[in-house]
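I have placed the structure first, in the form of structure tokens, so that the comments after it can refer back to it.
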Amino acid sequence: MPYHADPALAEFVRALPKTETHLHLEGACPFELLQKLDPVKYAQPPPFWDDAYRYQSFNQFMDLYVEYCAAFFTSADRYHEAAKIVLQKCVDQGCRYVETSFHLPALLFMKDSGPEVIRAIRAAAPRGLELRVFAGMCHNDYRDAGRELIDDALTWPELDGIDLHGWEDIPLESWTADVWARARARGKFTKAHAGEFMGADYVEKTLDELKVTRIEHGVRSVENPATVARLVREGVALDICPISNLKLAVRGVTAMSAHPIRKLFDAGVTVTINSDDPFFFGNALAEEYYALHQDLGFSRAELVKIAANGFRVALVPEHQRKAWLDELAPFAVEAAFHS
Ligand SMILES: [Zn+2]
């Protein structure tokens, strides 16, 4: 773990009420569950937990995703089993609110229905945790049986929203804008991955076509000041995952100290920090906070602002949002003494 904190900062971060708004359930697969399935294959921790590990490409990352995780998530029960551990870990780290996604087309290979899987995930949430469940899909998933599945998912009351993920360089197809609009018309929240492997132009295209107000990653927006200004002007939030960006060697993130979150935050963009796929990065949410403090000079007061952003974007009634922000107030006061 390259990101450490002195005991006082570690305690401050632990106690700070937090959110996770960018967490792929399959990518958070608890290693102990894989070990239970195959103690021989999974006898050693995976190589990508090493701090110095860097993925060679997104394709390599996806190959490992299939090898390690897709094989595990074969039923609603498996989603429940994994979510129970993953969500408890979130609570143990001080999360009050979590948005998690699952890969929607995985249902095409399962006997359980989408609503059954979502109910299984929801049932795994510890008491007191506010959970929102998103269905993720790739740019080219709206075809054959996938088309029917995506259309059907928009009618599931159990589903809170949809997310576009996977290979960013597969062109955005025309169905996406239509599906995103129909999802919103049915009360679903919509977001999309962009600006991770493609530049600021693609972030703009995503905003123009999908009309989302939340972008997953979006860090390469920094390549164009006009895009950054637009994010601020339109109040678009970025759910950023600094350690994921470093290990996936996102352009511009040659070291944590070079991560664009500093510039984006300073420019006034609403940014949150998240762990993305903790199974593949060996990261914990607290480390994301340590990384910002250690390598990017974020003060405690700034870390409180980042935590507050998570509650600002949370999909909850205003009185709940206010209650959480009120809970943060003493941390802001305490942080002021350390600035
Ligand atoms: Zn993601």
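Ligands are numbered from 1 in the order shown, chains are lettered A, B, ... in the order of the structure tokens, and residues start at 1 in each chain.
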
Please identify which residues in region 41-282 of chain A DSSP calls helix (DSSP H, G or I) from the backbone, and express them as a ChimeraX atom specification.
-> /A:47-49,58-70,76-92,104-109,114-122,145-153,175-185,200-210,219-223,225-234,242-247,256-258,261-266,278-281

How close does region 178-204 of chain A get to region 88-106 of chain A? List, as a tab-separated table, each residue of region 178-204 of chain A within 12 Å, its nearest atom pair and the distance in Å to one decimal, counting only C-alpha atoms.
residue	atom	partner	partner_atom	distance
A:Phe189	CA	A:Glu99	CA	11.0
A:Thr190	CA	A:Ser101	CA	11.8
A:Lys191	CA	A:Ser101	CA	11.0
A:Ala192	CA	A:Ser101	CA	11.5

Selected residues written out, C-alpha atoms, as a CSV table (one decimal), in the first residue's frame:
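Contents of selection-v7.csv, as written:
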chain,number,residue,atom,x,y,z
A,189,PHE,CA,-30.9,8.3,-13.1
A,190,THR,CA,-28.4,8.2,-16.0
A,191,LYS,CA,-24.7,8.4,-16.0
A,192,ALA,CA,-21.9,7.4,-18.3

Return the single residue from A:Leu23, A:Leu34, A:Leu248, A:Ala332 that is closest to ligand 1, with distances computed using only C-alpha atoms and all ligand atoms.
-> A:Leu23

Throw together the list of residues within 7 Å of ligand 1, counting only C-alpha atoms and all ligand atoms, and drop it here as a PyMOL selection string.
-> chain A and resi 22-24+165+193+216+276

Residue subset to file, keeping N, CA and C atoms, as a short mmCIF file (atom, residue, chain, number, x, y, z; two decimals), in the first residue's frame:
data_model
loop_
_atom_site.label_atom_id
_atom_site.label_comp_id
_atom_site.auth_asym_id
_atom_site.auth_seq_id
_atom_site.Cartn_x
_atom_site.Cartn_y
_atom_site.Cartn_z
N HIS A 22 -19.04 5.26 -7.44
CA HIS A 22 -18.49 4.62 -8.65
C HIS A 22 -17.87 3.30 -8.21
N LEU A 23 -18.70 2.27 -8.16
CA LEU A 23 -18.25 0.98 -7.64
C LEU A 23 -18.91 -0.15 -8.44
N HIS A 24 -18.10 -0.84 -9.20
CA HIS A 24 -18.61 -1.97 -9.99
C HIS A 24 -18.63 -3.20 -9.09
N HIS A 165 -20.53 1.71 -19.70
CA HIS A 165 -19.15 1.40 -19.31
C HIS A 165 -18.47 0.57 -20.39
N HIS A 193 -19.61 6.47 -18.34
CA HIS A 193 -18.15 6.56 -18.30
C HIS A 193 -17.67 7.36 -19.51
N GLU A 216 -18.61 9.25 -15.10
CA GLU A 216 -17.70 8.37 -14.36
C GLU A 216 -16.30 8.59 -14.92
N ASP A 276 -13.87 2.27 -7.65
CA ASP A 276 -14.03 1.69 -8.99
C ASP A 276 -14.14 0.16 -8.97
#

Please identify all polymer residues within 9 Å of Tyr65 (chain A), counting only C-alpha atoms, omitting same-chain residues fewer than 3 positions from it, and present them as JSON, numbers by chain.
-> {"A": [26, 27, 60, 61, 62, 68, 69, 70, 280]}

Just-selected residues, N, CA and C atoms written as a PDB file, in the first residue's frame:
ATOM      1  N   GLU A  26     -19.010  -6.394  -9.709  1.00  0.00           N
ATOM      2  CA  GLU A  26     -18.170  -7.528 -10.147  1.00  0.00           C
ATOM      3  C   GLU A  26     -16.693  -7.220  -9.917  1.00  0.00           C
ATOM      4  N   GLY A  27     -16.317  -5.961 -10.113  1.00  0.00           N
ATOM      5  CA  GLY A  27     -14.916  -5.567  -9.935  1.00  0.00           C
ATOM      6  C   GLY A  27     -14.531  -5.402  -8.479  1.00  0.00           C
ATOM      7  N   GLN A  60      -6.238  -5.908 -21.570  1.00  0.00           N
ATOM      8  CA  GLN A  60      -5.665  -6.834 -20.593  1.00  0.00           C
ATOM      9  C   GLN A  60      -6.504  -6.827 -19.313  1.00  0.00           C
ATOM     10  N   PHE A  61      -6.916  -5.618 -18.909  1.00  0.00           N
ATOM     11  CA  PHE A  61      -7.758  -5.475 -17.716  1.00  0.00           C
ATOM     12  C   PHE A  61      -9.054  -6.271 -17.910  1.00  0.00           C
ATOM     13  N   MET A  62      -9.669  -6.141 -19.085  1.00  0.00           N
ATOM     14  CA  MET A  62     -10.938  -6.827 -19.329  1.00  0.00           C
ATOM     15  C   MET A  62     -10.758  -8.348 -19.393  1.00  0.00           C
ATOM     16  N   TYR A  68     -11.296 -13.641 -13.677  1.00  0.00           N
ATOM     17  CA  TYR A  68     -11.482 -13.666 -12.223  1.00  0.00           C
ATOM     18  C   TYR A  68     -12.937 -13.497 -11.795  1.00  0.00           C
ATOM     19  N   CYS A  69     -13.643 -12.572 -12.446  1.00  0.00           N
ATOM     20  CA  CYS A  69     -14.920 -12.158 -11.866  1.00  0.00           C
ATOM     21  C   CYS A  69     -16.155 -12.652 -12.593  1.00  0.00           C
ATOM     22  N   ALA A  70     -16.110 -12.591 -13.923  1.00  0.00           N
ATOM     23  CA  ALA A  70     -17.322 -12.972 -14.654  1.00  0.00           C
ATOM     24  C   ALA A  70     -17.704 -14.404 -14.298  1.00  0.00           C
ATOM     25  N   PHE A 280      -9.461  -5.274  -8.522  1.00  0.00           N
ATOM     26  CA  PHE A 280      -8.412  -5.176  -9.539  1.00  0.00           C
ATOM     27  C   PHE A 280      -7.342  -4.139  -9.228  1.00  0.00           C
TER      28      PHE A 280
END

Region 213-288 of chain A: which residues are strand (DSSP E or B) by DSSP, as a CSV table (one decimal) with C-alpha atoms, in the first residue's frame?
chain,number,residue,atom,x,y,z
A,214,ARG,CA,-22.7,12.8,-13.9
A,215,ILE,CA,-19.6,11.4,-15.6
A,216,GLU,CA,-17.7,8.4,-14.4
A,217,HIS,CA,-14.0,9.3,-14.4
A,237,ALA,CA,-20.1,16.0,-11.4
A,238,LEU,CA,-17.2,13.6,-12.0
A,239,ASP,CA,-17.0,10.3,-10.0
A,240,ILE,CA,-13.2,10.0,-10.0
A,270,THR,CA,-17.7,18.9,-8.4
A,271,VAL,CA,-15.5,15.8,-7.9
A,272,THR,CA,-16.1,12.7,-5.8
A,273,ILE,CA,-13.5,9.9,-5.1
A,276,ASP,CA,-14.0,1.7,-9.0

Contact residues around Val203 (chain A) with only C-alpha atoms at 10 Å, ignoring same-chain residues under 2 positions, as number ranges by chain = A: 192-196, 198-201, 205-208, 215, 217-221, 227, 231

So that I have them on file, write out the residues from the current selection with C-alpha atoms, as a PDB file, in the first residue's frame.
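Saved file result-v6.pdb follows:
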ATOM      1  CA  ALA A 192     -21.853   7.363 -18.309  1.00  0.00           C
ATOM      2  CA  HIS A 193     -18.150   6.555 -18.296  1.00  0.00           C
ATOM      3  CA  ALA A 194     -16.148   9.033 -20.377  1.00  0.00           C
ATOM      4  CA  GLY A 195     -12.826  10.838 -20.323  1.00  0.00           C
ATOM      5  CA  GLU A 196     -10.878   7.852 -19.038  1.00  0.00           C
ATOM      6  CA  MET A 198     -10.812   9.096 -24.621  1.00  0.00           C
ATOM      7  CA  GLY A 199     -10.178  12.825 -24.447  1.00  0.00           C
ATOM      8  CA  ALA A 200     -12.202  15.916 -23.610  1.00  0.00           C
ATOM      9  CA  ASP A 201     -13.992  15.819 -26.995  1.00  0.00           C
ATOM     10  CA  LYS A 205     -19.992  14.294 -27.011  1.00  0.00           C
ATOM     11  CA  THR A 206     -21.304  12.247 -24.071  1.00  0.00           C
ATOM     12  CA  LEU A 207     -22.781  15.360 -22.449  1.00  0.00           C
ATOM     13  CA  ASP A 208     -24.307  16.504 -25.764  1.00  0.00           C
ATOM     14  CA  ILE A 215     -19.633  11.377 -15.647  1.00  0.00           C
ATOM     15  CA  HIS A 217     -13.986   9.339 -14.396  1.00  0.00           C
ATOM     16  CA  GLY A 218     -14.011  12.284 -16.817  1.00  0.00           C
ATOM     17  CA  VAL A 219     -10.436  13.069 -15.811  1.00  0.00           C
ATOM     18  CA  ARG A 220      -9.256  13.758 -19.364  1.00  0.00           C
ATOM     19  CA  SER A 221     -11.641  16.732 -19.465  1.00  0.00           C
ATOM     20  CA  THR A 227     -14.593  21.403 -21.251  1.00  0.00           C
ATOM     21  CA  LEU A 231     -18.453  21.031 -16.321  1.00  0.00           C
TER      22      LEU A 231
END

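Excluding Leu246 (chain A) itself and same-chain residues fewer than 5 positions from it, the residues having an atom within 7 Å of it are A:Val253, A:Thr254, A:Ala255, A:Met256, counting only C-alpha atoms.
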
Same residues, C-alpha atoms, output as a short mmCIF file (atom, residue, chain, number, x, y, z; two decimals), in the first residue's frame:
data_model
loop_
_atom_site.label_atom_id
_atom_site.label_comp_id
_atom_site.auth_asym_id
_atom_site.auth_seq_id
_atom_site.Cartn_x
_atom_site.Cartn_y
_atom_site.Cartn_z
CA VAL A 253 -1.63 10.03 -14.86
CA THR A 254 2.04 9.06 -14.86
CA ALA A 255 2.16 9.39 -11.08
CA MET A 256 -0.42 10.18 -8.43
#

Residue contacts of Trp324 (chain A) (12 Å, only C-alpha atoms) excluding same-chain residues fewer than 5 positions away, as a ChimeraX atom specification = /A:16-19,94-97,130,304,307-314,316-319,329-331

I need the chosen residues saved as an mmCIF file, in the first residue's frame, with N, CA and C atoms.
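Written out: again.cif:
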data_model
loop_
_atom_site.group_PDB
_atom_site.id
_atom_site.type_symbol
_atom_site.label_atom_id
_atom_site.label_comp_id
_atom_site.auth_asym_id
_atom_site.auth_seq_id
_atom_site.Cartn_x
_atom_site.Cartn_y
_atom_site.Cartn_z
ATOM 1 N N LEU A 16 -14.805 10.118 8.968
ATOM 2 C CA LEU A 16 -15.475 11.050 8.053
ATOM 3 C C LEU A 16 -16.635 10.346 7.321
ATOM 4 N N PRO A 17 -17.856 10.852 7.428
ATOM 5 C CA PRO A 17 -18.953 10.233 6.661
ATOM 6 C C PRO A 17 -18.659 10.356 5.161
ATOM 7 N N LYS A 18 -18.786 9.234 4.457
ATOM 8 C CA LYS A 18 -18.346 9.210 3.054
ATOM 9 C C LYS A 18 -19.385 8.544 2.146
ATOM 10 N N THR A 19 -19.086 8.608 0.839
ATOM 11 C CA THR A 19 -19.920 7.930 -0.157
ATOM 12 C C THR A 19 -19.021 7.151 -1.117
ATOM 13 N N GLY A 94 -16.901 3.897 6.660
ATOM 14 C CA GLY A 94 -17.589 5.167 6.932
ATOM 15 C C GLY A 94 -18.547 5.611 5.841
ATOM 16 N N CYS A 95 -18.894 4.714 4.904
ATOM 17 C CA CYS A 95 -19.842 5.105 3.854
ATOM 18 C C CYS A 95 -21.268 5.096 4.384
ATOM 19 N N ARG A 96 -21.996 6.161 4.046
ATOM 20 C CA ARG A 96 -23.417 6.233 4.385
ATOM 21 C C ARG A 96 -24.267 5.959 3.150
ATOM 22 N N TYR A 97 -23.629 6.174 1.984
ATOM 23 C CA TYR A 97 -24.372 6.113 0.718
ATOM 24 C C TYR A 97 -23.495 5.449 -0.348
ATOM 25 N N GLU A 130 -27.635 3.648 2.633
ATOM 26 C CA GLU A 130 -28.499 3.969 1.492
ATOM 27 C C GLU A 130 -27.823 3.422 0.243
ATOM 28 N N VAL A 304 -12.747 17.068 3.336
ATOM 29 C CA VAL A 304 -14.143 17.173 3.805
ATOM 30 C C VAL A 304 -15.026 17.658 2.657
ATOM 31 N N ALA A 307 -15.714 14.780 0.377
ATOM 32 C CA ALA A 307 -16.734 13.896 0.970
ATOM 33 C C ALA A 307 -18.121 14.535 0.819
ATOM 34 N N ALA A 308 -18.182 15.843 1.043
ATOM 35 C CA ALA A 308 -19.469 16.548 0.932
ATOM 36 C C ALA A 308 -20.013 16.454 -0.495
ATOM 37 N N ASN A 309 -19.117 16.501 -1.490
ATOM 38 C CA ASN A 309 -19.577 16.387 -2.884
ATOM 39 C C ASN A 309 -20.329 15.081 -3.112
ATOM 40 N N GLY A 310 -19.855 14.008 -2.467
ATOM 41 C CA GLY A 310 -20.530 12.713 -2.601
ATOM 42 C C GLY A 310 -21.971 12.795 -2.135
ATOM 43 N N PHE A 311 -22.184 13.525 -1.041
ATOM 44 C CA PHE A 311 -23.557 13.674 -0.534
ATOM 45 C C PHE A 311 -24.358 14.647 -1.394
ATOM 46 N N ARG A 312 -23.647 15.619 -2.013
ATOM 47 C CA ARG A 312 -24.359 16.578 -2.868
ATOM 48 C C ARG A 312 -24.928 15.886 -4.100
ATOM 49 N N VAL A 313 -24.220 14.871 -4.616
ATOM 50 C CA VAL A 313 -24.718 14.206 -5.831
ATOM 51 C C VAL A 313 -25.621 13.016 -5.503
ATOM 52 N N ALA A 314 -25.717 12.648 -4.225
ATOM 53 C CA ALA A 314 -26.490 11.460 -3.832
ATOM 54 C C ALA A 314 -27.957 11.580 -4.243
ATOM 55 N N VAL A 316 -31.008 11.237 -3.098
ATOM 56 C CA VAL A 316 -31.800 11.138 -1.861
ATOM 57 C C VAL A 316 -32.645 12.401 -1.700
ATOM 58 N N PRO A 317 -33.679 12.314 -0.873
ATOM 59 C CA PRO A 317 -34.461 13.524 -0.582
ATOM 60 C C PRO A 317 -33.589 14.579 0.111
ATOM 61 N N GLU A 318 -33.971 15.839 -0.054
ATOM 62 C CA GLU A 318 -33.158 16.945 0.462
ATOM 63 C C GLU A 318 -32.915 16.871 1.975
ATOM 64 N N HIS A 319 -33.928 16.400 2.738
ATOM 65 C CA HIS A 319 -33.740 16.374 4.196
ATOM 66 C C HIS A 319 -32.636 15.371 4.573
ATOM 67 N N ALA A 329 -20.269 18.833 9.236
ATOM 68 C CA ALA A 329 -19.884 20.161 9.721
ATOM 69 C C ALA A 329 -18.775 20.121 10.792
ATOM 70 N N PRO A 330 -18.896 19.254 11.833
ATOM 71 C CA PRO A 330 -17.822 19.233 12.834
ATOM 72 C C PRO A 330 -16.463 18.820 12.258
ATOM 73 N N PHE A 331 -16.489 18.016 11.184
ATOM 74 C CA PHE A 331 -15.219 17.621 10.561
ATOM 75 C C PHE A 331 -14.565 18.811 9.868
#
